[in-house]
Structure formats: structure tokens, C-alpha cells
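Trainee: Got a structure for you, final-v8.pdb, holding PDB, C-alpha atoms.
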```pdb
ATOM      1  CA  MET A   1     -59.653  13.199 -26.898
ATOM      2  CA  SER A   2     -62.008  13.860 -23.992
ATOM      3  CA  LEU A   3     -61.723  16.806 -21.638
ATOM      4  CA  PHE A   4     -61.214  14.290 -18.823
ATOM      5  CA  ASN A   5     -58.086  12.879 -20.481
ATOM      6  CA  LYS A   6     -56.785  16.393 -21.137
ATOM      7  CA  ALA A   7     -57.306  17.173 -17.475
ATOM      8  CA  LEU A   8     -55.323  14.066 -16.492
ATOM      9  CA  VAL A   9     -52.483  15.075 -18.801
ATOM     10  CA  SER A  10     -52.371  18.536 -17.205
ATOM     11  CA  ILE A  11     -51.462  16.940 -13.869
ATOM     12  CA  GLY A  12     -48.935  14.579 -15.437
ATOM     13  CA  ILE A  13     -51.042  11.456 -15.939
ATOM     14  CA  GLY A  14     -50.691  10.171 -19.487
ATOM     15  CA  ALA A  15     -48.545  13.163 -20.474
ATOM     16  CA  ALA A  16     -45.405  13.233 -22.629
ATOM     17  CA  THR A  17     -42.267  11.771 -21.060
ATOM     18  CA  VAL A  18     -38.556  12.336 -21.558
ATOM     19  CA  ASP A  19     -35.579  10.001 -21.201
ATOM     20  CA  THR A  20     -31.927  10.873 -21.813
ATOM     21  CA  LYS A  21     -29.378   8.198 -22.685
ATOM     22  CA  LEU A  22     -25.749   9.252 -22.280
ATOM     23  CA  GLU A  23     -23.116   7.212 -24.096
ATOM     24  CA  LYS A  24     -21.352   6.433 -20.808
ATOM     25  CA  ALA A  25     -21.622   7.032 -17.074
ATOM     26  CA  THR A  26     -18.136   8.377 -16.276
ATOM     27  CA  TYR A  27     -16.677  11.656 -17.553
ATOM     28  CA  ARG A  28     -13.688  13.825 -16.822
ATOM     29  CA  ALA A  29     -14.430  17.434 -15.884
ATOM     30  CA  GLY A  30     -14.266  19.500 -19.084
ATOM     31  CA  GLU A  31     -15.145  16.538 -21.321
ATOM     32  CA  VAL A  32     -17.914  16.647 -23.926
ATOM     33  CA  MET A  33     -20.873  14.384 -23.117
ATOM     34  CA  HIS A  34     -22.779  12.850 -26.021
ATOM     35  CA  GLY A  35     -26.136  11.119 -25.944
ATOM     36  CA  GLU A  36     -29.742  11.112 -27.072
ATOM     37  CA  ILE A  37     -32.923  12.640 -25.722
ATOM     38  CA  MET A  38     -36.058  10.546 -26.310
ATOM     39  CA  VAL A  39     -39.443  12.234 -26.013
ATOM     40  CA  ARG A  40     -42.555  10.049 -26.045
ATOM     41  CA  GLY A  41     -45.978  11.507 -26.647
ATOM     42  CA  GLY A  42     -48.702  10.768 -24.139
ATOM     43  CA  HIS A  43     -52.453  10.379 -24.558
ATOM     44  CA  VAL A  44     -52.950  13.761 -26.219
ATOM     45  CA  GLU A  45     -51.011  16.088 -28.501
ATOM     46  CA  GLN A  46     -48.897  18.546 -26.504
ATOM     47  CA  GLN A  47     -46.905  21.696 -27.219
ATOM     48  CA  ILE A  48     -43.337  21.449 -25.866
ATOM     49  CA  ASP A  49     -42.007  24.974 -25.340
ATOM     50  CA  ALA A  50     -38.415  23.835 -24.769
ATOM     51  CA  ILE A  51     -36.164  21.025 -23.601
ATOM     52  CA  TYR A  52     -33.583  21.951 -21.000
ATOM     53  CA  VAL A  53     -30.569  19.919 -19.924
ATOM     54  CA  SER A  54     -28.777  20.824 -16.717
ATOM     55  CA  VAL A  55     -26.001  19.499 -14.482
ATOM     56  CA  HIS A  56     -26.654  19.518 -10.725
ATOM     57  CA  THR A  57     -25.070  18.698  -7.406
ATOM     58  CA  THR A  58     -26.016  19.095  -3.748
ATOM     59  CA  TYR A  59     -24.213  21.019  -1.026
ATOM     60  CA  LEU A  60     -24.504  21.578   2.705
ATOM     61  CA  ARG A  61     -25.732  24.945   3.957
ATOM     62  CA  GLU A  62     -25.636  25.932   7.602
ATOM     63  CA  ALA A  63     -28.170  28.290   9.158
ATOM     64  CA  ASN A  64     -29.142  28.816  12.797
ATOM     65  CA  ASP A  65     -26.787  26.024  13.892
ATOM     66  CA  LYS A  66     -28.563  23.547  11.618
ATOM     67  CA  LYS A  67     -27.364  21.963   8.392
ATOM     68  CA  TYR A  68     -29.509  21.765   5.272
ATOM     69  CA  THR A  69     -28.956  20.057   1.931
ATOM     70  CA  ASP A  70     -29.489  22.394  -1.026
ATOM     71  CA  MET A  71     -29.329  21.730  -4.758
ATOM     72  CA  ALA A  72     -27.222  23.817  -7.132
ATOM     73  CA  ALA A  73     -27.241  23.962 -10.931
ATOM     74  CA  ILE A  74     -23.720  23.854 -12.331
ATOM     75  CA  GLN A  75     -24.890  24.377 -15.896
ATOM     76  CA  LYS A  76     -28.183  24.687 -17.785
ATOM     77  CA  ILE A  77     -28.719  24.839 -21.545
ATOM     78  CA  LYS A  78     -31.739  25.049 -23.816
ATOM     79  CA  VAL A  79     -31.684  22.193 -26.328
ATOM     80  CA  THR A  80     -34.676  22.873 -28.593
ATOM     81  CA  GLU A  81     -37.100  25.489 -29.814
ATOM     82  CA  PRO A  82     -40.870  24.909 -29.359
ATOM     83  CA  PHE A  83     -42.325  21.847 -31.076
ATOM     84  CA  THR A  84     -45.402  19.650 -30.968
ATOM     85  CA  ILE A  85     -45.412  16.015 -29.918
ATOM     86  CA  ALA A  86     -48.389  13.999 -31.146
ATOM     87  CA  ALA A  87     -50.152  11.399 -29.033
ATOM     88  CA  GLY A  88     -48.006   8.256 -28.971
ATOM     89  CA  GLU A  89     -45.254   9.851 -31.117
ATOM     90  CA  HIS A  90     -41.550   9.169 -30.431
ATOM     91  CA  LYS A  91     -38.891  11.789 -31.117
ATOM     92  CA  VAL A  92     -35.131  11.216 -30.728
ATOM     93  CA  MET A  93     -32.690  14.146 -30.625
ATOM     94  CA  PRO A  94     -28.901  13.981 -30.306
ATOM     95  CA  ILE A  95     -27.292  15.936 -27.501
ATOM     96  CA  SER A  96     -23.775  17.263 -27.001
ATOM     97  CA  LEU A  97     -22.916  19.001 -23.737
ATOM     98  CA  THR A  98     -19.562  20.067 -22.327
ATOM     99  CA  LEU A  99     -19.233  19.216 -18.653
ATOM    100  CA  PRO A 100     -17.885  22.382 -16.956
ATOM    101  CA  ILE A 101     -14.239  22.131 -15.976
ATOM    102  CA  ASP A 102     -15.097  23.109 -12.391
ATOM    103  CA  THR A 103     -17.760  20.430 -11.953
ATOM    104  CA  PRO A 104     -17.332  18.820  -8.507
ATOM    105  CA  ILE A 105     -15.573  15.472  -8.462
ATOM    106  CA  THR A 106     -17.764  12.552  -7.388
ATOM    107  CA  ALA A 107     -15.681  11.584  -4.380
ATOM    108  CA  GLY A 108     -16.883  11.060  -0.835
ATOM    109  CA  LYS A 109     -20.478  12.259  -0.418
ATOM    110  CA  THR A 110     -20.498  14.343  -3.599
ATOM    111  CA  GLN A 111     -23.040  13.356  -6.244
ATOM    112  CA  VAL A 112     -23.561  14.865  -9.696
ATOM    113  CA  TRP A 113     -26.408  14.254 -12.114
ATOM    114  CA  VAL A 114     -27.662  15.361 -15.518
ATOM    115  CA  GLN A 115     -31.317  16.406 -15.529
ATOM    116  CA  THR A 116     -33.484  16.746 -18.623
ATOM    117  CA  GLY A 117     -36.787  18.573 -18.466
ATOM    118  CA  LEU A 118     -39.675  19.372 -20.794
ATOM    119  CA  ASP A 119     -41.183  22.845 -20.465
ATOM    120  CA  ILE A 120     -44.940  22.481 -21.010
ATOM    121  CA  LYS A 121     -47.384  25.272 -20.229
ATOM    122  CA  ASN A 122     -50.311  24.470 -17.941
ATOM    123  CA  ALA A 123     -48.928  21.024 -17.136
ATOM    124  CA  VAL A 124     -46.520  19.257 -14.834
ATOM    125  CA  ASP A 125     -43.069  19.456 -16.436
ATOM    126  CA  PRO A 126     -41.699  15.915 -16.969
ATOM    127  CA  ASN A 127     -38.029  15.382 -16.183
ATOM    128  CA  ASP A 128     -35.359  12.684 -16.208
ATOM    129  CA  LYS A 129     -32.347  12.369 -13.887
ATOM    130  CA  ASP A 130     -29.138  10.479 -14.724
ATOM    131  CA  TYR A 131     -26.330  10.231 -12.158
ATOM    132  CA  ILE A 132     -22.800  10.389 -13.566
ATOM    133  CA  ARG A 133     -19.335   9.832 -12.158
ATOM    134  CA  VAL A 134     -17.047  12.855 -12.559
ATOM    135  CA  GLN A 135     -13.279  12.460 -12.581
ATOM    136  CA  PRO A 136     -10.938  15.415 -11.965
ATOM    137  CA  THR A 137      -9.073  17.203 -14.727
ATOM    138  CA  LYS A 138      -5.585  15.865 -15.369
ATOM    139  CA  LEU A 139      -4.054  18.794 -13.481
ATOM    140  CA  ALA A 140      -6.404  18.479 -10.497
ATOM    141  CA  GLU A 141      -5.784  14.733 -10.466
ATOM    142  CA  SER A 142      -2.029  15.393 -10.320
ATOM    143  CA  VAL A 143      -2.551  17.674  -7.306
ATOM    144  CA  LEU A 144      -4.624  15.054  -5.462
ATOM    145  CA  ASP A 145      -2.087  12.341  -6.318
ATOM    146  CA  ALA A 146       0.713  14.567  -5.018
ATOM    147  CA  VAL A 147      -1.082  15.066  -1.692
ATOM    148  CA  SER A 148      -1.549  11.299  -1.387
ATOM    149  CA  GLY A 149       2.104  10.804  -2.282
ATOM    150  CA  LEU A 150       3.093  12.999   0.665
ATOM    151  CA  GLY A 151       1.369  10.570   3.036
ATOM    152  CA  PHE A 152      -2.149  11.972   3.323
ATOM    153  CA  ARG A 153      -5.315   9.861   3.066
ATOM    154  CA  LEU A 154      -8.577  11.301   1.802
ATOM    155  CA  ARG A 155     -11.086  11.147   4.667
ATOM    156  CA  GLU A 156     -13.961  13.097   3.151
ATOM    157  CA  ALA A 157     -14.949  15.127   0.100
ATOM    158  CA  GLU A 158     -18.081  17.230   0.260
ATOM    159  CA  CYS A 159     -19.598  20.364  -1.231
ATOM    160  CA  GLU A 160     -20.308  23.029   1.362
ATOM    161  CA  GLN A 161     -21.692  26.536   1.233
ATOM    162  CA  ALA A 162     -18.917  28.967   0.331
ATOM    163  CA  SER A 163     -18.083  31.910   2.530
ATOM    164  CA  THR A 164     -18.430  35.372   1.020
ATOM    165  CA  ARG A 165     -14.705  35.692   0.355
ATOM    166  CA  LEU A 166     -14.514  32.327  -1.394
ATOM    167  CA  ARG A 167     -17.750  32.448  -3.381
ATOM    168  CA  GLY A 168     -17.327  32.273  -7.140
ATOM    169  CA  LYS A 169     -19.973  31.473  -9.723
ATOM    170  CA  PHE A 170     -21.329  28.666  -7.524
ATOM    171  CA  PRO A 171     -22.751  29.070  -3.993
ATOM    172  CA  PHE A 172     -20.494  26.252  -2.768
ATOM    173  CA  VAL A 173     -16.945  24.945  -2.775
ATOM    174  CA  GLN A 174     -15.874  21.314  -2.717
ATOM    175  CA  GLU A 175     -13.643  20.546   0.255
ATOM    176  CA  PHE A 176     -11.221  17.630   0.310
ATOM    177  CA  GLU A 177     -10.290  16.632   3.848
ATOM    178  CA  PHE A 178      -7.082  14.623   4.286
ATOM    179  CA  VAL A 179      -5.562  13.014   7.367
ATOM    180  CA  PRO A 180      -1.808  12.422   7.684
ATOM    181  CA  THR A 181      -0.649   8.805   7.670
ATOM    182  CA  GLY A 182       3.129   9.243   7.459
ATOM    183  CA  SER A 183       5.679  11.522   9.090
ATOM    184  CA  TYR A 184       3.201  14.403   9.220
ATOM    185  CA  ARG A 185       1.081  12.566  11.822
ATOM    186  CA  ARG A 186       3.288  14.011  14.579
ATOM    187  CA  HIS A 187       2.693  17.573  13.386
ATOM    188  CA  LEU A 188      -0.733  17.839  11.749
ATOM    189  CA  ASP A 189      -4.323  16.917  12.556
ATOM    190  CA  GLU A 190      -5.552  17.324   9.006
ATOM    191  CA  LEU A 191      -5.073  19.031   5.675
ATOM    192  CA  GLU A 192      -7.997  20.534   3.759
ATOM    193  CA  LEU A 193      -7.863  21.443   0.086
ATOM    194  CA  VAL A 194     -10.231  23.457  -2.095
ATOM    195  CA  PHE A 195      -9.958  24.080  -5.832
ATOM    196  CA  LEU A 196     -10.956  27.741  -6.081
ATOM    197  CA  ALA A 197     -10.580  28.173  -9.851
ATOM    198  CA  GLN A 198      -9.622  25.877 -12.696
ATOM    199  CA  SER A 199      -8.732  26.129 -16.356
ATOM    200  CA  ASP A 200      -7.065  23.839 -18.873
ATOM    201  CA  TYR A 201      -3.684  25.181 -17.798
ATOM    202  CA  SER A 202      -3.907  26.107 -14.110
ATOM    203  CA  VAL A 203      -5.649  25.522 -10.787
ATOM    204  CA  GLU A 204      -5.882  27.893  -7.843
ATOM    205  CA  LEU A 205      -5.780  26.077  -4.510
ATOM    206  CA  LEU A 206      -6.667  26.970  -0.961
ATOM    207  CA  LEU A 207      -4.894  24.824   1.627
ATOM    208  CA  GLN A 208      -5.903  24.737   5.270
ATOM    209  CA  ILE A 209      -3.063  23.293   7.330
ATOM    210  CA  ASP A 210      -4.272  22.244  10.798
ATOM    211  CA  ARG A 211      -1.420  21.730  13.256
ATOM    212  CA  LYS A 212      -1.523  19.443  16.303
ATOM    213  CA  ALA A 213      -1.697  21.031  19.738
ATOM    214  CA  LYS A 214       1.641  20.800  21.574
ATOM    215  CA  GLY A 215       1.712  22.183  25.070
ATOM    216  CA  LEU A 216      -0.629  24.575  26.880
ATOM    217  CA  GLY A 217      -0.029  27.442  24.457
ATOM    218  CA  SER A 218      -0.952  25.280  21.515
ATOM    219  CA  LEU A 219      -4.100  24.097  23.278
ATOM    220  CA  PHE A 220      -5.244  27.708  23.637
ATOM    221  CA  ALA A 221      -4.334  28.340  20.005
ATOM    222  CA  GLU A 222      -6.367  25.321  18.936
ATOM    223  CA  ALA A 223      -9.360  26.522  20.934
ATOM    224  CA  LEU A 224      -9.160  29.862  19.122
ATOM    225  CA  ASP A 225      -8.516  28.234  15.718
ATOM    226  CA  MET A 226      -5.096  29.893  15.675
ATOM    227  CA  ASP A 227      -3.453  26.545  14.945
ATOM    228  CA  GLU A 228      -4.690  26.695  11.337
ATOM    229  CA  SER A 229      -2.824  28.268   8.443
ATOM    230  CA  TYR A 230      -4.456  29.184   5.140
ATOM    231  CA  VAL A 231      -2.388  29.243   1.977
ATOM    232  CA  ARG A 232      -3.532  30.186  -1.530
ATOM    233  CA  THR A 233      -1.366  29.073  -4.395
ATOM    234  CA  THR A 234      -1.646  28.526  -8.146
ATOM    235  CA  ILE A 235      -0.310  25.470  -9.946
ATOM    236  CA  THR A 236       0.079  25.364 -13.719
ATOM    237  CA  THR A 237       0.813  22.612 -16.210
ATOM    238  CA  GLN A 238       4.438  23.776 -16.195
ATOM    239  CA  ASP A 239       4.615  22.782 -12.516
ATOM    240  CA  LEU A 240       3.591  19.173 -13.185
ATOM    241  CA  PRO A 241       7.069  17.648 -12.578
ATOM    242  CA  ASN A 242       7.403  19.480  -9.229
ATOM    243  CA  ILE A 243       3.870  19.527  -7.787
ATOM    244  CA  GLN A 244       4.641  17.173  -4.898
ATOM    245  CA  ALA A 245       7.840  19.003  -3.975
ATOM    246  CA  ASN A 246       6.104  22.386  -4.147
ATOM    247  CA  LEU A 247       3.250  21.242  -1.892
ATOM    248  CA  GLN A 248       5.702  19.696   0.546
ATOM    249  CA  GLN A 249       7.577  22.987   0.761
ATOM    250  CA  ILE A 250       4.362  24.885   1.520
ATOM    251  CA  ILE A 251       3.304  22.416   4.238
ATOM    252  CA  MET A 252       6.745  22.375   5.871
ATOM    253  CA  LYS A 253       6.667  26.171   6.233
ATOM    254  CA  HIS A 254       3.552  25.923   8.389
ATOM    255  CA  LEU A 255       4.376  23.046  10.726
TER
END
```
Let's see the structure in the file written out as C-alpha cells.

Mentor:
Amino acid sequence: MSLFNKALVSIGIGAATVDTKLEKATYRAGEVMHGEIMVRGGHVEQQIDAIYVSVHTTYLREANDKKYTDMAAIQKIKVTEPFTIAAGEHKVMPISLTLPIDTPITAGKTQVWVQTGLDIKNAVDPNDKDYIRVQPTKLAESVLDAVSGLGFRLREAECEQASTRLRGKFPFVQEFEFVPTGSYRRHLDELELVFLAQSDYSVELLLQIDRKAKGLGSLFAEALDMDESYVRTTITTQDLPNIQANLQQIIMKHL
């Protein structure tokens, strides 16, 4: 192969390519994803140092009164050891990857994708991006259903930069913003919910209960953000039969 063609490959023209095929497009957080990675050789033989598969999302970051969209890796794993792909050769490798239980739910503006990349020295690293739909865990789904059952409608769901006190292993939290549609309309402007930590058996929630302004005193309180109450609580699988009643009790205490 000519030096010219090798030079083209080094900038990504005629180089090896990668394509991941997942068995489906919708997964529940915590579920195992199965699929295949297909690597196709380009115009010349190339050394592949590794194949990486990662799960990503975007989140909003605010700085200097401006908002920016950043990307965050939720998980990244190394799939292979170094290998050589010949010119025109096709390789197919099975993949099995557990979607983290705290993967953001694809609701509102939230998007999640699986990205596969080839690590090739002295060349542009090829990659493949596959968007997936992420459903909540059964327990998180029960919490969201309970909030809806109390008469709240989901207005927005978005990942935003986490404050220092709320930051966990990710630089963001996913906020669910609800508006009251039933009896709470007279008392509340909105209800915000964040899943701070999740496991197979429990979820830790942060609720922001935003009360309506009533009278001059309440207007001053609203201007100073004193009309908002923050409540942290943990719900376990044992609480499943009483989730709606428990959330109602918490909200009623802060009307």
C-alpha cells in the first residue's frame, strides 16, 4: 500500500470503521444490554489498541450567567485487548454491558447514547453513536407514578449541573419538574424531584416544594426564595404499597 494511502488513513480516510448493533433500543436502568460490535478494515492493515464502549448524556452547566451544554460519561468499559485488522477484513464481537442503575431517564430533554470507539495510535479514532431510550427502575417508576397520582403533571425533565452538596459520582443531577393539576393548584407553584441515589432496593429523593405566594408577606418570601421547602427522604421496596400516601404526607406538611 502506498505512503499516500497510509497518510489518508491516518486522517480517517479509508481507515477502519466500527458499528455497534444493540438487540433493542429501549432498556430499563440496571438492565444488561446485549449486542454486537462490527469492525471493518479499511484500505490498509491497522493496529487497534482497544475498543471502548461508553454510555453518555448531556447536561446544562451555568457559568457567568450563561448556560452551556456539556457531555458526561456515565460508564466506560474496555472491550478488547490490542488486535490487528487487515485491509478489508470484517470482525464481529459480542458485547454485554450493564446499564448503570442511576442512568438518567430519557424523559423531557434528556438524551442517552451508547458510544463505541476504536483506539488507534497516530490516527483519527473512529466511533459509533447509538441513541437508546432509558426507562426508570421499577422503584423509581413507582415514585413517578405516585407523584402523577397525586395530581401533578410532568412539565420538564433535564440534567443540570449538580451543586457541591448534591454532587455524587456524576457532575449532574436529573431534575423532574411537576406542576399541580388538582387540589394542590391552590397551594403550590411546582414540585421538583431529584433521585439522589438508587439501588435495587431503595431510592433517595430530594423534593423541592414551591408554595404559591399568598399576601404581601408571601410575596417577599417568594422574592427571597423562602417559599421553597427542601425535603430528603428514602423510599425502599417495602414502602411500595404506601408510596403515594407517604409522599402526600410530606407535601401536606409543607403547604

Trainee: Which is closer to Asn127 (chain A) than all the others in A:Tyr27, A:Tyr52, A:Tyr201, A:Tyr184, using all atoms listed in the file?

Mentor: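 Closest to Asn127 (chain A), using all atoms listed in the file: A:Tyr52.
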
Trainee: Within 12 Å of (-19.4, 28.2, -6.0), only C-alpha atoms: residues as a ChimeraX atom specification?

Mentor: /A:57-59,71-75,102-104,159-175,194-197

Trainee: Under the rule that all atoms listed in the file are counted, which of A:Val112, A:Ala87, A:Ile132, A:Ile105 is the nearest residue to Lys21 (chain A)?

Mentor: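 Once distances to Lys21 (chain A) are computed over all atoms listed in the file, the minimum belongs to A:Ile132.
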
Trainee: Around the point (-26.9, 23.8, -26.8) in the file's coordinates, collect all residues with an atom within 10 Å, using all atoms listed in the file, and return them as a PyMOL selection string.

Mentor: chain A and resi 52-53+76-80+95-98

Trainee: Work out how far apart CA of Glu158 (chain A) and CA of Pro126 (chain A) are and give it in Å to one decimal.

Mentor: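 Distance reported for this atom pair: 29.3 Å.
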
Trainee: So what do you get for CA of Leu240 (chain A) versus CA of Leu150 (chain A), distance-wise?

Mentor: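 These two atoms are separated by 15.2 Å.
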
Trainee: Can you tell me which residues surround Ala16 (chain A) at a distance of at most 7 Å, considering all atoms listed in the file, apart from same-chain residues fewer than 6 positions away, and format the answer as a tab-separated table (two decimals) with C-alpha atoms, in the coordinates of the input?

Mentor:
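Dumped to result25.tsv:
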```
chain	number	residue	atom	x	y	z
A	39	VAL	CA	-39.44	12.23	-26.01
A	40	ARG	CA	-42.56	10.05	-26.04
A	41	GLY	CA	-45.98	11.51	-26.65
A	42	GLY	CA	-48.70	10.77	-24.14
```

Trainee: Would you kindly translate the PyMOL selection byres ((chain A and resi 238) around 12) into the concrete residues it picks from this file, as a PyMOL selection string?

Mentor: chain A and resi 139+200-203+234-237+239-243

Trainee: In Å, rounded to a single decimal, give me how far CA of Ser148 (chain A) is from CA of Lys67 (chain A).

Mentor: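 Separation between CA of Lys67 (chain A) and CA of Ser148 (chain A): 29.6 Å.
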
Trainee: I'd like the residues picked by the PyMOL selection byres ((chain A and resi 47) around 10) written out as an mmCIF file with C-alpha atoms, keeping the file's coordinate frame, using the chain letters and numbers from the file.

Mentor:
```cif
data_model
loop_
_atom_site.group_PDB
_atom_site.id
_atom_site.type_symbol
_atom_site.label_atom_id
_atom_site.label_comp_id
_atom_site.auth_asym_id
_atom_site.auth_seq_id
_atom_site.Cartn_x
_atom_site.Cartn_y
_atom_site.Cartn_z
ATOM 1 C CA ALA A 16 -45.405 13.233 -22.629
ATOM 2 C CA GLU A 45 -51.011 16.088 -28.501
ATOM 3 C CA GLN A 46 -48.897 18.546 -26.504
ATOM 4 C CA ILE A 48 -43.337 21.449 -25.866
ATOM 5 C CA ASP A 49 -42.007 24.974 -25.340
ATOM 6 C CA ALA A 50 -38.415 23.835 -24.769
ATOM 7 C CA PRO A 82 -40.870 24.909 -29.359
ATOM 8 C CA PHE A 83 -42.325 21.847 -31.076
ATOM 9 C CA THR A 84 -45.402 19.650 -30.968
ATOM 10 C CA ILE A 85 -45.412 16.015 -29.918
ATOM 11 C CA ALA A 86 -48.389 13.999 -31.146
ATOM 12 C CA LEU A 118 -39.675 19.372 -20.794
ATOM 13 C CA ASP A 119 -41.183 22.845 -20.465
ATOM 14 C CA ILE A 120 -44.940 22.481 -21.010
ATOM 15 C CA LYS A 121 -47.384 25.272 -20.229
#
```

Trainee: Between A:Glu31, A:Asp145, A:Asp19, A:Asp130, which is the closest to Met93 (chain A) once you count all atoms listed in the file?

Mentor: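 Of the candidates, the smallest distance to Met93 (chain A) is held by A:Asp19.
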
Trainee: Tell me which protein, DNA and RNA residues are within 12 Å of Leu188 (chain A), counting all atoms listed in the file, leaving out same-chain ones fewer than 3 positions away, and put them as a PyMOL selection string.

Mentor: chain A and resi 151-152+178-185+191-192+208-214+222+227-229+251-252+254-255

Trainee: What's the 7 Å shell around Leu99 (chain A), counting only C-alpha atoms, without same-chain residues fewer than 6 positions away, as a list in words?

Mentor: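 Returned residues: Ala29, Gly30, Glu31, Val32 and Met33 of chain A.
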
Trainee: Selected residues, C-alpha atoms, written as a compact mmCIF listing (two decimals), in the coordinates of the input, please.

Mentor:
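Output saved as result.txt:
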```
# COMPACT_ATOMS: atom_id res chain seq x y z
CA ALA A 29 -14.43 17.43 -15.88
CA GLY A 30 -14.27 19.50 -19.08
CA GLU A 31 -15.14 16.54 -21.32
CA VAL A 32 -17.91 16.65 -23.93
CA MET A 33 -20.87 14.38 -23.12
```

Trainee: For Ala15 (chain A), which residue out of A:Ile37, A:Leu247, A:Val143, A:Val44 is the nearest one, using all atoms listed in the file?

Mentor: A:Val44
